[in-house]
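Below is one structure; the comments refer to it alone.
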Amino acid sequence: MRSVAVVGAGLIGTSIALALRGRGVTTYLIDTDPEAARMAADLGAGRVGAPPEPVDLAVVAVPPQYVAAALREHQLRGLAHDFTDVASVKERVQQEAARTGCDLTRFVGGHPMGGREQSGPLAASADLFQGRPWVLTPAPQTRAQTVERARNLAELCGARPVVMSQAEHDQAVALVSHTPHLVSSLLAARLLHGEQSQLGLAGQGLRDVSRLAGGSPELWTDILGTNAVAVADVLAEFSHDVGLMVDTLRTLGTARTPEQGSASRDRLASVLLRGVQGKARIPARGTDGAGLSTDGAGLSTDGAGLSTDGAGLSTDYATAPGGV
């Protein structure tokens with residue numbers, strides 16, 4: 001692949017552009033915020049503005065709700081021969097692209113499974129996707145050449161291409177990315193009710209579990225709202241577990257004898273043990289991980305395959321809404 005246009009010079013778009021420039025690919029940067037594009041260019045991410053002729057591939061690096069409109073606009077302008085995106089929700093995006101009249105034969109959904117809680121081009125890194133899964137969700141009508149170019153993009157960025165259906169992807173990220181972010185935000189919000197003397201005792205553990213809550217509220221409202229049903233399903237199961245723990249702890253705290261609290265103590269220990277076992281299923285960065293496939297076979301239903309180190313899977317795409 002010789003040339004790529006990146007639409008949306010935020011964290012993800014600029015990181016992709018930096019990785020491509022490091023591999024000798026001619027890269028063009030397009031953003032509704034000229035300053036964002038200039039900052040990305042100053043970092044060495046490419047040239048500002050549209051290319052003089054269609055590039056091999058355009059990467060639509062904007063929030064989920066803007067992907068379809070941006071895709072339609074740039075297909076009509078003849079920006080590229082093929083198109084992909086980086087949105088962290090795939091089924092709704094594909095449906096909206098179809099309704100908008102996009103040419104879906106030349107588009108394949110994509111989602112690089114790497115990110116940070118910081119946003120904007122200055123937070124970008126050429127190695128952001130190194131060793132990470134990069135999900136591709138081709139539709140039945142997608143051309144083989146389009147998929148191959150998107151696969152090549154992932155490999156040039158140091159990622160491992162993974163082919164899944166759109167629904168499988170959305171269910172997977174609800175478990176390993178979207179619900180964790182929401183739970184982190186809910187926990188961090190409880191700190192608003194804490195006394196300063198209490199917060200003064202906070203250590204690294206609290207910082208670790210609340211780190212995801214530092215992501216952009218505007219972007220994450222879009223992400224969670226677009227994948228709302230899948231996230232609600234996971235959150236309902238989590239809520240059930242939390243309710244059981246509330247009852248268990250209240251029973252344990254009011255037990256008058258060790259015998260009365262024995263069953264509650266066992267339930268508590270079981271939950272903590274399951275947590276240790278669940279954490280152990282998270283693949284180490286740079287490994288294939290259980291359930292991941294790079295040959296188009298998809299992802300197994302064990303839900304283990306798409307987790308990263310908890311850094312948040314997509315935290316910024318463009319500095320201006322839409323990034324187009």
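Here, A, B, ... name the chains of the structure tokens in the order displayed, residue numbers run from 1 inside each chain, and ligands are numbered from 1 in the same displayed order.
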Do a neighbour search on Met245 (chain A) at 9 Å with only C-alpha atoms, toss out local chain neighbours closer than 4 positions, and write the hits as a VMD selection string.
chain A and resid 240 to 241 249 to 250 267 to 268 271
I need the residues from that last selection saved to file as an mmCIF file, in the first residue's frame (with N, CA, C and O atoms), if you can.
```cif
data_model
loop_
_atom_site.group_PDB
_atom_site.id
_atom_site.type_symbol
_atom_site.label_atom_id
_atom_site.label_comp_id
_atom_site.auth_asym_id
_atom_site.auth_seq_id
_atom_site.Cartn_x
_atom_site.Cartn_y
_atom_site.Cartn_z
ATOM 1 N N HIS A 240 -26.518 -7.750 38.859
ATOM 2 C CA HIS A 240 -26.999 -8.897 39.636
ATOM 3 C C HIS A 240 -25.932 -9.379 40.607
ATOM 4 O O HIS A 240 -26.223 -9.636 41.789
ATOM 5 N N ASP A 241 -24.695 -9.470 40.127
ATOM 6 C CA ASP A 241 -23.595 -9.905 40.993
ATOM 7 C C ASP A 241 -23.371 -8.912 42.131
ATOM 8 O O ASP A 241 -23.117 -9.305 43.277
ATOM 9 N N LEU A 249 -22.625 -9.196 52.118
ATOM 10 C CA LEU A 249 -21.862 -8.392 53.077
ATOM 11 C C LEU A 249 -22.736 -7.926 54.244
ATOM 12 O O LEU A 249 -22.279 -7.887 55.393
ATOM 13 N N ARG A 250 -23.992 -7.597 53.962
ATOM 14 C CA ARG A 250 -24.881 -7.182 55.060
ATOM 15 C C ARG A 250 -25.136 -8.350 56.009
ATOM 16 O O ARG A 250 -25.162 -8.182 57.233
ATOM 17 N N ARG A 267 -19.398 -17.312 50.180
ATOM 18 C CA ARG A 267 -19.821 -16.639 48.947
ATOM 19 C C ARG A 267 -18.874 -15.507 48.594
ATOM 20 O O ARG A 267 -18.530 -15.300 47.421
ATOM 21 N N LEU A 268 -18.440 -14.755 49.588
ATOM 22 C CA LEU A 268 -17.502 -13.659 49.362
ATOM 23 C C LEU A 268 -16.178 -14.198 48.810
ATOM 24 O O LEU A 268 -15.635 -13.677 47.828
ATOM 25 N N VAL A 271 -16.481 -15.207 45.151
ATOM 26 C CA VAL A 271 -16.467 -14.090 44.208
ATOM 27 C C VAL A 271 -15.044 -13.589 43.990
ATOM 28 O O VAL A 271 -14.615 -13.318 42.864
#
```
So that I can check the surroundings of region 36-39 of chain A, please list as an MDAnalysis selection string every protein, DNA and RNA residue that reaches within 10 Å of it, counting only C-alpha atoms and ignoring chain neighbours fewer than 5 positions away.
chainID A and resid 6:10 14 28:31 44:49 120:122 318:320 323
Residue set, region 141-301 of chain A restricted to helix (DSSP H, G or I), as a PyMOL selection string
chain A and resi 144-156+166-193+196-199+204-214+217-226+228-254+258-280
Output file for the selection above: C-alpha atoms, as a CSV table (one decimal), in the first residue's frame:
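Dumped everything to result-v8.csv:
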```csv
chain,number,residue,atom,x,y,z
A,144,ALA,CA,-11.8,-8.9,-1.3
A,145,GLN,CA,-9.4,-6.2,-2.3
A,146,THR,CA,-11.0,-3.8,0.3
A,147,VAL,CA,-10.5,-6.4,3.1
A,148,GLU,CA,-6.9,-7.0,2.0
A,149,ARG,CA,-6.1,-3.3,2.1
A,150,ALA,CA,-7.5,-3.0,5.6
A,151,ARG,CA,-5.6,-6.1,6.7
A,152,ASN,CA,-2.5,-4.5,5.3
A,153,LEU,CA,-3.2,-1.3,7.2
A,154,ALA,CA,-3.4,-3.2,10.4
A,155,GLU,CA,-0.2,-5.1,9.8
A,156,LEU,CA,1.7,-1.9,8.8
A,166,GLN,CA,-20.3,-7.0,13.4
A,167,ALA,CA,-22.6,-8.4,16.0
A,168,GLU,CA,-19.8,-10.6,17.5
A,169,HIS,CA,-17.5,-7.6,17.7
A,170,ASP,CA,-20.1,-5.4,19.5
A,171,GLN,CA,-20.8,-8.1,22.0
A,172,ALA,CA,-17.2,-8.6,22.7
A,173,VAL,CA,-16.3,-5.0,23.2
A,174,ALA,CA,-19.3,-4.6,25.4
A,175,LEU,CA,-17.7,-7.1,27.8
A,176,VAL,CA,-14.0,-6.1,27.5
A,177,SER,CA,-14.1,-2.4,26.9
A,178,HIS,CA,-17.5,-0.5,27.1
A,179,THR,CA,-18.8,-1.9,30.4
A,180,PRO,CA,-15.5,-1.7,32.1
A,181,HIS,CA,-15.3,2.0,31.2
A,182,LEU,CA,-18.9,2.6,32.5
A,183,VAL,CA,-18.2,0.7,35.7
A,184,SER,CA,-15.0,2.7,36.2
A,185,SER,CA,-17.0,5.9,35.7
A,186,LEU,CA,-19.7,4.9,38.2
A,187,LEU,CA,-17.1,4.1,40.8
A,188,ALA,CA,-15.2,7.3,40.2
A,189,ALA,CA,-18.5,9.3,40.5
A,190,ARG,CA,-18.9,7.9,44.1
A,191,LEU,CA,-15.8,9.9,45.0
A,192,LEU,CA,-17.8,13.1,44.6
A,193,HIS,CA,-19.6,12.1,47.9
A,196,GLN,CA,-11.5,15.2,51.6
A,197,SER,CA,-10.0,13.4,54.6
A,198,GLN,CA,-11.1,10.1,53.1
A,199,LEU,CA,-9.8,10.9,49.6
A,204,GLN,CA,-2.6,3.3,43.6
A,205,GLY,CA,-5.4,0.7,43.7
A,206,LEU,CA,-8.1,3.4,43.4
A,207,ARG,CA,-6.1,5.2,40.7
A,208,ASP,CA,-5.9,1.9,38.7
A,209,VAL,CA,-9.6,1.1,38.8
A,210,SER,CA,-10.7,4.7,38.2
A,211,ARG,CA,-8.2,5.5,35.4
A,212,LEU,CA,-10.7,4.7,32.5
A,213,ALA,CA,-13.1,7.3,33.9
A,214,GLY,CA,-10.7,10.0,32.6
A,217,PRO,CA,-17.5,12.1,28.4
A,218,GLU,CA,-18.7,13.3,25.0
A,219,LEU,CA,-17.0,10.5,23.1
A,220,TRP,CA,-18.0,7.8,25.5
A,221,THR,CA,-21.6,9.0,25.5
A,222,ASP,CA,-21.5,8.3,21.8
A,223,ILE,CA,-19.8,4.9,22.1
A,224,LEU,CA,-22.0,3.6,24.9
A,225,GLY,CA,-25.2,5.0,23.3
A,226,THR,CA,-24.4,3.4,20.0
A,228,ALA,CA,-26.4,0.4,24.3
A,229,VAL,CA,-28.2,-2.9,24.2
A,230,ALA,CA,-25.0,-5.0,24.3
A,231,VAL,CA,-23.6,-2.9,27.2
A,232,ALA,CA,-26.9,-3.1,29.1
A,233,ASP,CA,-26.9,-6.9,28.9
A,234,VAL,CA,-23.4,-7.1,30.4
A,235,LEU,CA,-24.2,-4.4,33.0
A,236,ALA,CA,-27.4,-6.2,34.0
A,237,GLU,CA,-25.4,-9.4,34.8
A,238,PHE,CA,-22.8,-7.3,36.7
A,239,SER,CA,-25.6,-5.5,38.6
A,240,HIS,CA,-27.0,-8.9,39.6
A,241,ASP,CA,-23.6,-9.9,41.0
A,242,VAL,CA,-23.3,-6.6,42.8
A,243,GLY,CA,-26.7,-7.1,44.4
A,244,LEU,CA,-25.7,-10.5,45.6
A,245,MET,CA,-22.6,-9.1,47.2
A,246,VAL,CA,-24.5,-6.3,48.9
A,247,ASP,CA,-26.8,-9.0,50.5
A,248,THR,CA,-23.8,-11.2,51.4
A,249,LEU,CA,-21.9,-8.4,53.1
A,250,ARG,CA,-24.9,-7.2,55.1
A,251,THR,CA,-25.5,-10.7,56.3
A,252,LEU,CA,-21.9,-11.2,57.1
A,253,GLY,CA,-21.7,-7.8,58.9
A,254,THR,CA,-24.8,-8.6,61.1
A,258,PRO,CA,-19.1,-17.5,63.2
A,259,GLU,CA,-21.6,-20.2,62.1
A,260,GLN,CA,-24.2,-17.6,61.0
A,261,GLY,CA,-21.6,-15.9,58.8
A,262,SER,CA,-20.0,-19.0,57.4
A,263,ALA,CA,-22.1,-19.2,54.2
A,264,SER,CA,-21.7,-15.5,53.5
A,265,ARG,CA,-18.0,-15.7,54.0
A,266,ASP,CA,-17.8,-18.6,51.5
A,267,ARG,CA,-19.8,-16.6,48.9
A,268,LEU,CA,-17.5,-13.7,49.4
A,269,ALA,CA,-14.4,-15.8,49.0
A,270,SER,CA,-15.9,-17.5,45.9
A,271,VAL,CA,-16.5,-14.1,44.2
A,272,LEU,CA,-12.9,-13.0,44.9
A,273,LEU,CA,-11.6,-16.3,43.6
A,274,ARG,CA,-13.6,-15.9,40.4
A,275,GLY,CA,-12.1,-12.5,40.0
A,276,VAL,CA,-8.6,-13.9,40.2
A,277,GLN,CA,-9.6,-16.6,37.6
A,278,GLY,CA,-11.2,-14.1,35.3
A,279,LYS,CA,-8.2,-11.8,35.4
A,280,ALA,CA,-6.0,-14.7,34.5
```
Applying 7 Å and only C-alpha atoms, which residues near region 51-56 of chain A remain after dropping the ones on its own chain fewer than 6 positions away? List them as a PyMOL selection string.
chain A and resi 1-5+28+78-82
Nearest to Ala97 (chain A) by atom-to-atom distance, counting only C-alpha atoms, from A:Leu76, A:Val62, A:Ala284, A:Ala70
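Of the candidates, the smallest distance to Ala97 (chain A) is held by A:Ala70.
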Pick out each residue of region 81-268 of chain A that DSSP on the backbone tags as strand (DSSP E); I need them as number ranges by chain.
A: 81-85, 107-112, 133-137, 160-163
